[in-house]
Amino acid sequence: MNEKFLKPYNPSETEGRIYKLWEESGFFNPDNLPAKRYTPVRTDVHPGGLDARRFSIVMPPPNVTGVLHMGHALMLTLEDSMVRFKRMQGFKTLWLPGTDHAAIATQSRVEKDIYKSEKKSRHDLGREEFLKRVEAFAKQSHDTIISQVKTMGASADWSREAFTLDPKRSLAVRTMFKEMYADGLIYRGHRIVNWDPKGQTTISDDEIVYQEEKTVLYYMKYGPFTIATSRPETKFGDKHVCMHPKDERYRDYKDGQKIDLEWINGPITATVIKDEAIDMEFGSGVMTITPWHDRADFEIAERHKLPREQVIDEYGKLLPIAGEFAGMKITEARQKVVRKLHDKGLMVKEEPYTHNLATAERTGGIIEPQIKLQWFIDVNKPIAKRKNKTLKEIMHEAVASENIKILPEHFEKTYFHWIENLRDWCISRQIWYGHRVPVWYKKHGTDTEVYVGIEVPTGDGWKQDPDTLDTWFSSGLWTFSTLGWPEKTKDLELYHPTDVLETGYEILFFWVVRMILMTGYALGEVPFKTVYLHGTVRDGQGRKMSKSLGNGIDPIDIAKKFGTDAGRMALIVGNTPGTDTNISEDKIRGYKNFANKLWNIARFVIENTKGEELLPDFSAYTPADATLRQERHDLLVDVTKDMENYRFYMGAEKLYHYAWHTFADKILEESKGILQGGTAEEQKSRKQFLLHTLDKILKVLHPFIPFVTEEIWQLWKNPSTKEGMLMVAEWPISKSL
RNA sequence: GCGCGUUUAGCUCAGUUGGUUAGAGCGUGCGAUUCACAUUCGCAAGGUCGCAGGUUCGAUUCCUGCAACGCGCACCA
């Protein structure tokens with residue numbers, strides 16, 4: 001027996017070495033898996049001769065913005081467990097890793113750093129220099145993240161690693177943009193968008209976070225009417241007063257009627273507008289509209305073809321239309337406008353009011369709706385090459401047809417609900433880091449020629465659109481851009497659609513739906529068959545981990561302190577899909593002890609079976625051992641079912657319980673007597689049972705706790721070839737259930 | 001406002017299609033332990049399965065209503 005077993009299991013001495021062993025074997029790459037077991041050609045199942053027994057997952061690419069957190073650790077643990085399980089089952093298994101450039105997040109992070117150290121803005125540096133800085137940061141951050149992903153034991157194929165902004169993915173992005181433009185799905189137009197004054201860019205509806213704000217609702221005199229607003233500082237240009245056509249209180253006022261009245265900065269002429277969008281119950285049932293800075297107002301103005309005027313600039317300051325208030329920040333202007341309204345006798349009353357304030361997810365900036373010329377994806381346009389279905393319909397059908405299953409199932413309702421409310425997707429961003437919009441303009445007198453293409457146009461005078469694309473545009477292509485699209489590669493044919501997309505539920509709308517959209521459009525198929533959504537990892541008391549609370553747990557610290565396996569097991573057990581999970585050092589410590597328990601189980605079995613070889617076909621078990629063998633078999637069948645049905649939380653717990661409280665506590669204890677006082681037959685039977693059980697336990701636990709199981713396996717079996725590694729050993733329940 | 005989820009032991013949570021005495025980990029109490037175990041083992045205490053109805057031979061599980069908490073979406077000036 002190896003001397004190592006005389007000491008407790010030491011993860012920090014083991015894990016790096018074992019990972020290296022796996023990596024050097026080449027088996028992370030499915031092309032290198034031993035042909036005999038992994039490439040049964042099943043032309044009957046998959047016409048064209050491709051291997052039907054293949055399994056693929058693309059890794060949700062971590063952002064190159066920071067370091068690995070517990071959410072990543074959970075994602076990696078679940079996916080690695082799936083991948084290792086399938087690999088052992090003999091599937092040609094690909095787990096394709098990568099990272100995301102995370103445009104806004106990365107750019108704002110670097111901007112902040114530069115401002116801190118040099119007091120310079122990106123404009124001080126210029127586009128080219130700034131991008132150099134971002135790329136340097138991204139590179140460094142990438143290296144950190146990747147090494148941390150490896151620390152978690154991820155058996156991903158690094159030879160296929162991708163980055164959302166590398167040349168191949170950029171080609172995919174430009175190709176997609178061009179195709180969608182040609183099909184009329186991508187268009188450019190003046191629309192009201194979410195403007196983030198802090199980040200100096202538009203953002204999509206999904207990048208908004210609403211925060212409750214206690215504020216004041218001001219009632220003001222507007223000629224014969226009383227109007228209510230929480231934002232008096234935007235009202236300078238309001239020259240249209242709206243009410244519901246059926247509102248009896250205002251039946252004497254006709255649509256289009258002109259009314260002269262005294263307003264903030266002097267007399268104006270207002271026009272009456274009747275529109276059904278007005279809520280008669282709210283306030284006085286009358287409102288003025290500010291089409292440039294409010295979506296609902298914008299829509300009313302569109303319906304009635306009303307002029308629109310900008311009141312607030314891109315930095316949140318008032319424009320000359322505000323008269324004496326021009327140049328002020330809106331927060332400052334509000335108080336002064338209120339005072340003036342009081343002075344002029346236009347203020348009727350003030351009421352406390354609670355509403356939701358829209359803020360930018362990444363920068364925290366307060367969103368100011370603005371009308372801007374932007375690029376959009378039309379989600380309601382019939383697509384000729386997709387049987388005249390719209391993108392909305394494509395997304396809806398993918399899940400309604402059960403071509404995609406979402407776990408847990410109730411998220412399917414949330415998914416449909418989201419699609420119903422979906423508006424055109426604004427994809428252009430006024431930031432510098434990211435995929436530049438592949439559109440070039442050339443002026444011919446007053447006309448502008450537009451070129452949309454993959455390559456830079458030839459000839460002089462072309463200027464590229466300054467904007468970049470929403471980072472989710474490139475992430476939306478992830479399942480197929482990573483496999484080589486737009487080229488028709490063997491990988492694409494073999495591994496797409498992927499089998500599982502495993503990610504956090506908070507990212508369902510950002511990412512999962514956009515992959516379904518992009519893939520449905522580009523390939524006419526689904527990007528994956530199953531979506532497994534995991535919950536948020538919280539602290540031991542169920543609080544969100546945050547810097548300010550200081551309650552964060554760093555997966556890399558955990559790996560050092562307790563071992564990666566302990567952290568992985570703690571993340572798996574009791575963690576059902578879609579539900580948040582609490583994790584504490586106490587829980588992790590428990591699984592560190594489990595790794596050590598397994599270590600000692602191995603020591604006991606090896607020590608007590610000296611001279612006995614594991615006989616694969618042994619069947620001369622005593623009746624008692626035959627019963628134990630049947631129980632073990634039933635358990636493994638059960639666990640295999642759990643694995644195939646994504647009940648990892650349950651499979652892992654059952655194995656933990658069996659290994660510790662059945663095998664160790666009962667069977668090993670009982671074996672002490674048999675091995676000393678039993679007959680030769682009894683001893684032989686029991687030794688075989690112990691050897692077989694250790695062998696199988698190591699195999700089935702390997703997907704969850706790969707390091708300690710592989711280490712024991714290596715010390716015990718001392719395999720002469722890399723094919724003898726536990727990582728590629730055969731799953732003990734042979735048939736797929 | 002619309003929708004979704006949760007409510008089970010002191011704490012954190014499981015409980016797959018309704019079926020014996022409802023489970024785990026941690027914690028607590030008692031005992032054992034140089035014999036695989038940087039510890040471990042044995043035993044024990046502890047639950048009206050949120051509340052009220054309904055379906056059923058039988059409900060923690062299915063249905064309805066209510067309550068508390070959490071989340072998502074939308075938003076009214």
# chains A, B, ... in the order shown; residues from 1 in each chain; ligands from 1

call {"tool": "residues_around", "arguments": {"residues": "Pro732 (chain A)", "least_positions_apart": "5", "cutoff": "12 Å", "atoms": "only C-alpha atoms (C1' of nucleotides)", "output": "ChimeraX atom specification"}}
result
/A:85,88-90,616,632-637,639-640,692-702,726

call {"tool": "interface_residues", "arguments": {"of": "chain B", "to": "chain A", "cutoff": "6 Å", "atoms": "only C-alpha atoms (C1' of nucleotides)", "output": "PyMOL selection string"}}
result
chain B and resi 36-37+76-77

call {"tool": "residues_around", "arguments": {"residues": "region 66-75 of chain B", "least_positions_apart": "3", "cutoff": "8 Å", "atoms": "only C-alpha atoms (C1' of nucleotides)", "output": "PyMOL selection string"}}
result
(chain A and resi 414+417-418) or (chain B and resi 2-6+50-52)

call {"tool": "atom_distance", "arguments": {"atom1": "C1' of G31 (chain B)", "atom2": "CA of Thr662 (chain A)"}}
result
21.9 Å

call {"tool": "select_by_dssp", "arguments": {"residues": "region 640-733 of chain A", "states": "helix (DSSP H, G or I)", "output": "mmCIF file with N, CA and C atoms, in the first residue's frame"}}
result
data_model
loop_
_atom_site.group_PDB
_atom_site.id
_atom_site.type_symbol
_atom_site.label_atom_id
_atom_site.label_comp_id
_atom_site.auth_asym_id
_atom_site.auth_seq_id
_atom_site.Cartn_x
_atom_site.Cartn_y
_atom_site.Cartn_z
ATOM 1 N N THR A 640 -27.768 6.571 -11.325
ATOM 2 C CA THR A 640 -27.594 6.824 -12.761
ATOM 3 C C THR A 640 -28.835 7.507 -13.332
ATOM 4 N N LYS A 641 -29.987 7.063 -12.869
ATOM 5 C CA LYS A 641 -31.242 7.710 -13.288
ATOM 6 C C LYS A 641 -31.245 9.170 -12.858
ATOM 7 N N ASP A 642 -30.831 9.402 -11.638
ATOM 8 C CA ASP A 642 -30.775 10.782 -11.142
ATOM 9 C C ASP A 642 -29.882 11.643 -12.037
ATOM 10 N N MET A 643 -28.747 11.087 -12.398
ATOM 11 C CA MET A 643 -27.801 11.833 -13.233
ATOM 12 C C MET A 643 -28.416 12.145 -14.599
ATOM 13 N N GLU A 644 -29.093 11.172 -15.149
ATOM 14 C CA GLU A 644 -29.650 11.372 -16.491
ATOM 15 C C GLU A 644 -30.835 12.319 -16.476
ATOM 16 N N PHE A 648 -28.772 15.993 -9.869
ATOM 17 C CA PHE A 648 -27.423 15.807 -9.320
ATOM 18 C C PHE A 648 -27.426 15.956 -7.816
ATOM 19 N N TYR A 649 -28.242 16.898 -7.337
ATOM 20 C CA TYR A 649 -28.325 17.152 -5.895
ATOM 21 C C TYR A 649 -28.697 15.881 -5.154
ATOM 22 N N MET A 650 -29.471 15.035 -5.823
ATOM 23 C CA MET A 650 -29.946 13.838 -5.169
ATOM 24 C C MET A 650 -28.969 12.690 -5.338
ATOM 25 N N GLY A 651 -28.469 12.535 -6.543
ATOM 26 C CA GLY A 651 -27.503 11.482 -6.800
ATOM 27 C C GLY A 651 -26.289 11.618 -5.899
ATOM 28 N N ALA A 652 -25.799 12.840 -5.784
ATOM 29 C CA ALA A 652 -24.602 13.073 -4.980
ATOM 30 C C ALA A 652 -24.870 12.749 -3.522
ATOM 31 N N GLU A 653 -26.043 13.119 -3.050
ATOM 32 C CA GLU A 653 -26.354 12.877 -1.641
ATOM 33 C C GLU A 653 -26.494 11.377 -1.362
ATOM 34 N N LYS A 654 -27.123 10.676 -2.283
ATOM 35 C CA LYS A 654 -27.288 9.225 -2.096
ATOM 36 C C LYS A 654 -25.923 8.531 -2.037
ATOM 37 N N LEU A 655 -25.022 8.969 -2.892
ATOM 38 C CA LEU A 655 -23.693 8.351 -2.913
ATOM 39 C C LEU A 655 -22.927 8.663 -1.634
ATOM 40 N N TYR A 656 -23.050 9.895 -1.210
ATOM 41 C CA TYR A 656 -22.405 10.300 0.036
ATOM 42 C C TYR A 656 -22.894 9.408 1.162
ATOM 43 N N HIS A 657 -24.195 9.251 1.210
ATOM 44 C CA HIS A 657 -24.792 8.479 2.287
ATOM 45 C C HIS A 657 -24.391 7.012 2.203
ATOM 46 N N TYR A 658 -24.387 6.483 1.010
ATOM 47 C CA TYR A 658 -24.024 5.074 0.856
ATOM 48 C C TYR A 658 -22.558 4.855 1.237
ATOM 49 N N ALA A 659 -21.689 5.680 0.727
ATOM 50 C CA ALA A 659 -20.258 5.489 0.977
ATOM 51 C C ALA A 659 -19.951 5.574 2.468
ATOM 52 N N TRP A 660 -20.530 6.574 3.110
ATOM 53 C CA TRP A 660 -20.182 6.800 4.508
ATOM 54 C C TRP A 660 -20.976 5.899 5.454
ATOM 55 N N HIS A 661 -22.288 5.997 5.348
ATOM 56 C CA HIS A 661 -23.107 5.387 6.399
ATOM 57 C C HIS A 661 -23.520 3.959 6.111
ATOM 58 N N THR A 662 -23.371 3.520 4.898
ATOM 59 C CA THR A 662 -23.639 2.106 4.630
ATOM 60 C C THR A 662 -22.313 1.357 4.454
ATOM 61 N N PHE A 663 -21.537 1.778 3.489
ATOM 62 C CA PHE A 663 -20.305 1.034 3.196
ATOM 63 C C PHE A 663 -19.311 1.128 4.359
ATOM 64 N N ALA A 664 -19.008 2.336 4.808
ATOM 65 C CA ALA A 664 -18.000 2.487 5.861
ATOM 66 C C ALA A 664 -18.546 2.051 7.227
ATOM 67 N N ASP A 665 -19.663 2.658 7.632
ATOM 68 C CA ASP A 665 -20.143 2.424 8.997
ATOM 69 C C ASP A 665 -20.631 1.000 9.235
ATOM 70 N N LYS A 666 -21.293 0.438 8.255
ATOM 71 C CA LYS A 666 -21.872 -0.892 8.488
ATOM 72 C C LYS A 666 -21.017 -1.996 7.873
ATOM 73 N N ILE A 667 -20.784 -1.897 6.551
ATOM 74 C CA ILE A 667 -20.152 -3.012 5.857
ATOM 75 C C ILE A 667 -18.690 -3.192 6.267
ATOM 76 N N LEU A 668 -17.954 -2.088 6.336
ATOM 77 C CA LEU A 668 -16.545 -2.249 6.731
ATOM 78 C C LEU A 668 -16.422 -2.735 8.170
ATOM 79 N N GLU A 669 -17.269 -2.214 9.045
ATOM 80 C CA GLU A 669 -17.233 -2.652 10.445
ATOM 81 C C GLU A 669 -17.474 -4.160 10.546
ATOM 82 N N GLU A 670 -18.505 -4.590 9.825
ATOM 83 C CA GLU A 670 -18.863 -5.996 9.845
ATOM 84 C C GLU A 670 -17.768 -6.858 9.213
ATOM 85 N N SER A 671 -17.086 -6.294 8.229
ATOM 86 C CA SER A 671 -16.054 -7.042 7.521
ATOM 87 C C SER A 671 -14.885 -7.398 8.436
ATOM 88 N N LYS A 672 -14.636 -6.543 9.434
ATOM 89 C CA LYS A 672 -13.505 -6.813 10.335
ATOM 90 C C LYS A 672 -13.608 -8.211 10.920
ATOM 91 N N GLY A 673 -14.812 -8.547 11.342
ATOM 92 C CA GLY A 673 -15.016 -9.876 11.913
ATOM 93 C C GLY A 673 -14.861 -10.967 10.879
ATOM 94 N N ILE A 674 -15.471 -10.794 9.748
ATOM 95 C CA ILE A 674 -15.441 -11.815 8.695
ATOM 96 C C ILE A 674 -14.007 -12.070 8.225
ATOM 97 N N LEU A 675 -13.264 -11.004 8.049
ATOM 98 C CA LEU A 675 -11.906 -11.158 7.524
ATOM 99 C C LEU A 675 -10.975 -11.809 8.525
ATOM 100 N N GLN A 676 -11.357 -11.753 9.807
ATOM 101 C CA GLN A 676 -10.522 -12.430 10.800
ATOM 102 C C GLN A 676 -11.004 -13.846 11.078
ATOM 103 N N GLY A 677 -12.322 -13.969 11.256
ATOM 104 C CA GLY A 677 -12.831 -15.254 11.723
ATOM 105 C C GLY A 677 -13.634 -16.055 10.718
ATOM 106 N N ALA A 680 -12.723 -19.545 4.512
ATOM 107 C CA ALA A 680 -11.994 -19.087 3.326
ATOM 108 C C ALA A 680 -12.956 -18.551 2.277
ATOM 109 N N GLU A 681 -14.109 -19.229 2.119
ATOM 110 C CA GLU A 681 -15.081 -18.783 1.122
ATOM 111 C C GLU A 681 -15.664 -17.428 1.491
ATOM 112 N N GLU A 682 -15.985 -17.311 2.788
ATOM 113 C CA GLU A 682 -16.554 -16.045 3.259
ATOM 114 C C GLU A 682 -15.567 -14.904 3.060
ATOM 115 N N GLN A 683 -14.309 -15.187 3.364
ATOM 116 C CA GLN A 683 -13.290 -14.152 3.225
ATOM 117 C C GLN A 683 -13.115 -13.746 1.764
ATOM 118 N N LYS A 684 -13.069 -14.730 0.917
ATOM 119 C CA LYS A 684 -12.900 -14.467 -0.520
ATOM 120 C C LYS A 684 -14.067 -13.635 -1.036
ATOM 121 N N SER A 685 -15.274 -14.055 -0.682
ATOM 122 C CA SER A 685 -16.477 -13.353 -1.120
ATOM 123 C C SER A 685 -16.447 -11.913 -0.648
ATOM 124 N N ARG A 686 -16.120 -11.731 0.635
ATOM 125 C CA ARG A 686 -16.148 -10.383 1.183
ATOM 126 C C ARG A 686 -15.062 -9.502 0.558
ATOM 127 N N LYS A 687 -13.887 -10.084 0.357
ATOM 128 C CA LYS A 687 -12.809 -9.296 -0.262
ATOM 129 C C LYS A 687 -13.197 -8.839 -1.654
ATOM 130 N N GLN A 688 -13.801 -9.738 -2.413
ATOM 131 C CA GLN A 688 -14.246 -9.362 -3.755
ATOM 132 C C GLN A 688 -15.294 -8.263 -3.694
ATOM 133 N N PHE A 689 -16.186 -8.408 -2.711
ATOM 134 C CA PHE A 689 -17.229 -7.388 -2.588
ATOM 135 C C PHE A 689 -16.606 -6.025 -2.267
ATOM 136 N N LEU A 690 -15.642 -6.018 -1.359
ATOM 137 C CA LEU A 690 -14.999 -4.755 -0.987
ATOM 138 C C LEU A 690 -14.277 -4.141 -2.184
ATOM 139 N N LEU A 691 -13.561 -4.954 -2.916
ATOM 140 C CA LEU A 691 -12.811 -4.442 -4.073
ATOM 141 C C LEU A 691 -13.760 -3.873 -5.134
ATOM 142 N N HIS A 692 -14.815 -4.626 -5.407
ATOM 143 C CA HIS A 692 -15.768 -4.170 -6.412
ATOM 144 C C HIS A 692 -16.458 -2.881 -5.972
ATOM 145 N N THR A 693 -16.780 -2.819 -4.683
ATOM 146 C CA THR A 693 -17.494 -1.641 -4.202
ATOM 147 C C THR A 693 -16.606 -0.406 -4.254
ATOM 148 N N LEU A 694 -15.378 -0.553 -3.818
ATOM 149 C CA LEU A 694 -14.457 0.586 -3.900
ATOM 150 C C LEU A 694 -14.325 1.050 -5.354
ATOM 151 N N ASP A 695 -14.149 0.091 -6.219
ATOM 152 C CA ASP A 695 -14.005 0.382 -7.648
ATOM 153 C C ASP A 695 -15.199 1.195 -8.167
ATOM 154 N N LYS A 696 -16.377 0.766 -7.805
ATOM 155 C CA LYS A 696 -17.586 1.414 -8.333
ATOM 156 C C LYS A 696 -17.859 2.746 -7.658
ATOM 157 N N ILE A 697 -17.610 2.794 -6.379
ATOM 158 C CA ILE A 697 -17.830 4.055 -5.658
ATOM 159 C C ILE A 697 -16.922 5.152 -6.215
ATOM 160 N N LEU A 698 -15.699 4.796 -6.481
ATOM 161 C CA LEU A 698 -14.780 5.796 -7.036
ATOM 162 C C LEU A 698 -15.288 6.287 -8.388
ATOM 163 N N LYS A 699 -15.789 5.355 -9.168
ATOM 164 C CA LYS A 699 -16.280 5.734 -10.496
ATOM 165 C C LYS A 699 -17.477 6.666 -10.407
ATOM 166 N N VAL A 700 -18.450 6.305 -9.618
ATOM 167 C CA VAL A 700 -19.674 7.101 -9.620
ATOM 168 C C VAL A 700 -19.503 8.424 -8.872
ATOM 169 N N LEU A 701 -18.552 8.483 -7.977
ATOM 170 C CA LEU A 701 -18.320 9.758 -7.293
ATOM 171 C C LEU A 701 -17.426 10.687 -8.109
ATOM 172 N N PRO A 706 -13.764 14.868 -8.520
ATOM 173 C CA PRO A 706 -12.840 14.189 -9.440
ATOM 174 C C PRO A 706 -11.425 14.012 -8.895
ATOM 175 N N PHE A 707 -10.977 14.949 -8.058
ATOM 176 C CA PHE A 707 -9.567 14.893 -7.657
ATOM 177 C C PHE A 707 -9.272 13.733 -6.717
ATOM 178 N N VAL A 708 -10.007 13.669 -5.625
ATOM 179 C CA VAL A 708 -9.689 12.643 -4.635
ATOM 180 C C VAL A 708 -9.941 11.243 -5.206
ATOM 181 N N THR A 709 -10.968 11.119 -6.037
ATOM 182 C CA THR A 709 -11.252 9.797 -6.601
ATOM 183 C C THR A 709 -10.154 9.369 -7.576
ATOM 184 N N GLU A 710 -9.705 10.329 -8.397
ATOM 185 C CA GLU A 710 -8.626 9.985 -9.342
ATOM 186 C C GLU A 710 -7.332 9.663 -8.601
ATOM 187 N N GLU A 711 -7.057 10.421 -7.543
ATOM 188 C CA GLU A 711 -5.837 10.190 -6.774
ATOM 189 C C GLU A 711 -5.846 8.786 -6.146
ATOM 190 N N ILE A 712 -6.960 8.422 -5.546
ATOM 191 C CA ILE A 712 -7.063 7.087 -4.955
ATOM 192 C C ILE A 712 -6.904 6.017 -6.044
ATOM 193 N N TRP A 713 -7.580 6.264 -7.142
ATOM 194 C CA TRP A 713 -7.541 5.323 -8.275
ATOM 195 C C TRP A 713 -6.103 5.093 -8.746
ATOM 196 N N GLN A 714 -5.389 6.199 -8.905
ATOM 197 C CA GLN A 714 -4.003 6.119 -9.375
ATOM 198 C C GLN A 714 -3.138 5.339 -8.391
ATOM 199 N N LEU A 715 -3.305 5.648 -7.103
ATOM 200 C CA LEU A 715 -2.477 4.975 -6.095
ATOM 201 C C LEU A 715 -2.828 3.495 -5.980
ATOM 202 N N TRP A 716 -4.072 3.232 -6.170
ATOM 203 C CA TRP A 716 -4.559 1.858 -6.007
ATOM 204 C C TRP A 716 -4.232 1.012 -7.238
ATOM 205 N N LYS A 717 -4.605 1.512 -8.420
ATOM 206 C CA LYS A 717 -4.472 0.700 -9.632
ATOM 207 C C LYS A 717 -3.126 0.874 -10.320
ATOM 208 N N LYS A 722 -2.418 5.863 -20.088
ATOM 209 C CA LYS A 722 -3.358 6.927 -19.744
ATOM 210 C C LYS A 722 -4.806 6.474 -19.905
ATOM 211 N N GLU A 723 -5.027 5.438 -20.704
ATOM 212 C CA GLU A 723 -6.378 4.892 -20.836
ATOM 213 C C GLU A 723 -6.870 4.280 -19.522
ATOM 214 N N GLY A 724 -5.923 4.046 -18.614
ATOM 215 C CA GLY A 724 -6.290 3.457 -17.329
ATOM 216 C C GLY A 724 -6.752 4.485 -16.311
ATOM 217 N N LEU A 726 -9.035 7.041 -14.186
ATOM 218 C CA LEU A 726 -10.426 6.998 -13.759
ATOM 219 C C LEU A 726 -11.297 7.896 -14.645
ATOM 220 N N MET A 727 -10.735 9.021 -15.054
ATOM 221 C CA MET A 727 -11.473 9.970 -15.871
ATOM 222 C C MET A 727 -12.125 9.341 -17.107
ATOM 223 N N VAL A 728 -11.470 8.308 -17.658
ATOM 224 C CA VAL A 728 -12.049 7.664 -18.837
ATOM 225 C C VAL A 728 -12.466 6.215 -18.550
#

call {"tool": "atom_distance", "arguments": {"atom1": "CA of Glu487 (chain A)", "atom2": "CA of Phe91 (chain A)"}}
result
25.0 Å

call {"tool": "residues_around", "arguments": {"residues": "Gly563 (chain A)", "least_positions_apart": "4", "cutoff": "7 Å", "atoms": "only C-alpha atoms (C1' of nucleotides)", "output": "JSON, numbers by chain"}}
result
{"A": [11, 12, 558, 559, 567, 592]}

call {"tool": "write_last_selection", "arguments": {"atoms": "all heavy atoms", "output": "PDB file, in the first residue's frame"}}
result
ATOM      1  N   PRO A  11      -5.498  17.660  -0.193  1.00  0.00           N
ATOM      2  CA  PRO A  11      -5.935  18.155  -1.503  1.00  0.00           C
ATOM      3  C   PRO A  11      -4.935  19.112  -2.151  1.00  0.00           C
ATOM      4  O   PRO A  11      -4.735  19.052  -3.368  1.00  0.00           O
ATOM      5  CB  PRO A  11      -7.257  18.879  -1.203  1.00  0.00           C
ATOM      6  CG  PRO A  11      -7.465  18.848   0.251  1.00  0.00           C
ATOM      7  CD  PRO A  11      -6.449  17.975   0.877  1.00  0.00           C
ATOM      8  N   SER A  12      -4.307  19.982  -1.365  1.00  0.00           N
ATOM      9  CA  SER A  12      -3.457  20.990  -2.008  1.00  0.00           C
ATOM     10  C   SER A  12      -2.217  20.362  -2.630  1.00  0.00           C
ATOM     11  O   SER A  12      -1.675  20.865  -3.610  1.00  0.00           O
ATOM     12  CB  SER A  12      -3.090  22.108  -1.035  1.00  0.00           C
ATOM     13  OG  SER A  12      -2.640  21.556   0.169  1.00  0.00           O
ATOM     14  N   ILE A 558     -11.505  28.608  -0.851  1.00  0.00           N
ATOM     15  CA  ILE A 558     -12.093  27.345  -0.413  1.00  0.00           C
ATOM     16  C   ILE A 558     -11.247  26.174  -0.903  1.00  0.00           C
ATOM     17  O   ILE A 558     -10.978  25.228  -0.165  1.00  0.00           O
ATOM     18  CB  ILE A 558     -13.540  27.213  -0.954  1.00  0.00           C
ATOM     19  CG1 ILE A 558     -14.448  28.249  -0.283  1.00  0.00           C
ATOM     20  CG2 ILE A 558     -14.094  25.813  -0.761  1.00  0.00           C
ATOM     21  CD1 ILE A 558     -14.553  28.126   1.211  1.00  0.00           C
ATOM     22  N   ALA A 559     -10.816  26.269  -2.157  1.00  0.00           N
ATOM     23  CA  ALA A 559     -10.004  25.202  -2.734  1.00  0.00           C
ATOM     24  C   ALA A 559      -8.719  25.018  -1.917  1.00  0.00           C
ATOM     25  O   ALA A 559      -8.282  23.899  -1.661  1.00  0.00           O
ATOM     26  CB  ALA A 559      -9.681  25.514  -4.193  1.00  0.00           C
ATOM     27  N   GLY A 567     -15.532  21.847  -1.917  1.00  0.00           N
ATOM     28  CA  GLY A 567     -16.345  22.961  -2.403  1.00  0.00           C
ATOM     29  C   GLY A 567     -17.357  22.504  -3.434  1.00  0.00           C
ATOM     30  O   GLY A 567     -18.517  22.909  -3.415  1.00  0.00           O
ATOM     31  N   LYS A 592     -15.156  18.145   3.199  1.00  0.00           N
ATOM     32  CA  LYS A 592     -13.713  17.902   3.298  1.00  0.00           C
ATOM     33  C   LYS A 592     -13.512  16.607   4.088  1.00  0.00           C
ATOM     34  O   LYS A 592     -12.704  15.757   3.715  1.00  0.00           O
ATOM     35  CB  LYS A 592     -13.032  19.067   4.029  1.00  0.00           C
ATOM     36  CG  LYS A 592     -11.550  18.841   4.273  1.00  0.00           C
ATOM     37  CD  LYS A 592     -10.962  19.978   5.101  1.00  0.00           C
ATOM     38  CE  LYS A 592      -9.452  19.866   5.202  1.00  0.00           C
ATOM     39  NZ  LYS A 592      -9.034  18.897   6.215  1.00  0.00           N
TER      40      LYS A 592
END

call {"tool": "atom_distance", "arguments": {"atom1": "CA of Arg339 (chain A)", "atom2": "CA of Leu318 (chain A)"}}
result
16.9 Å
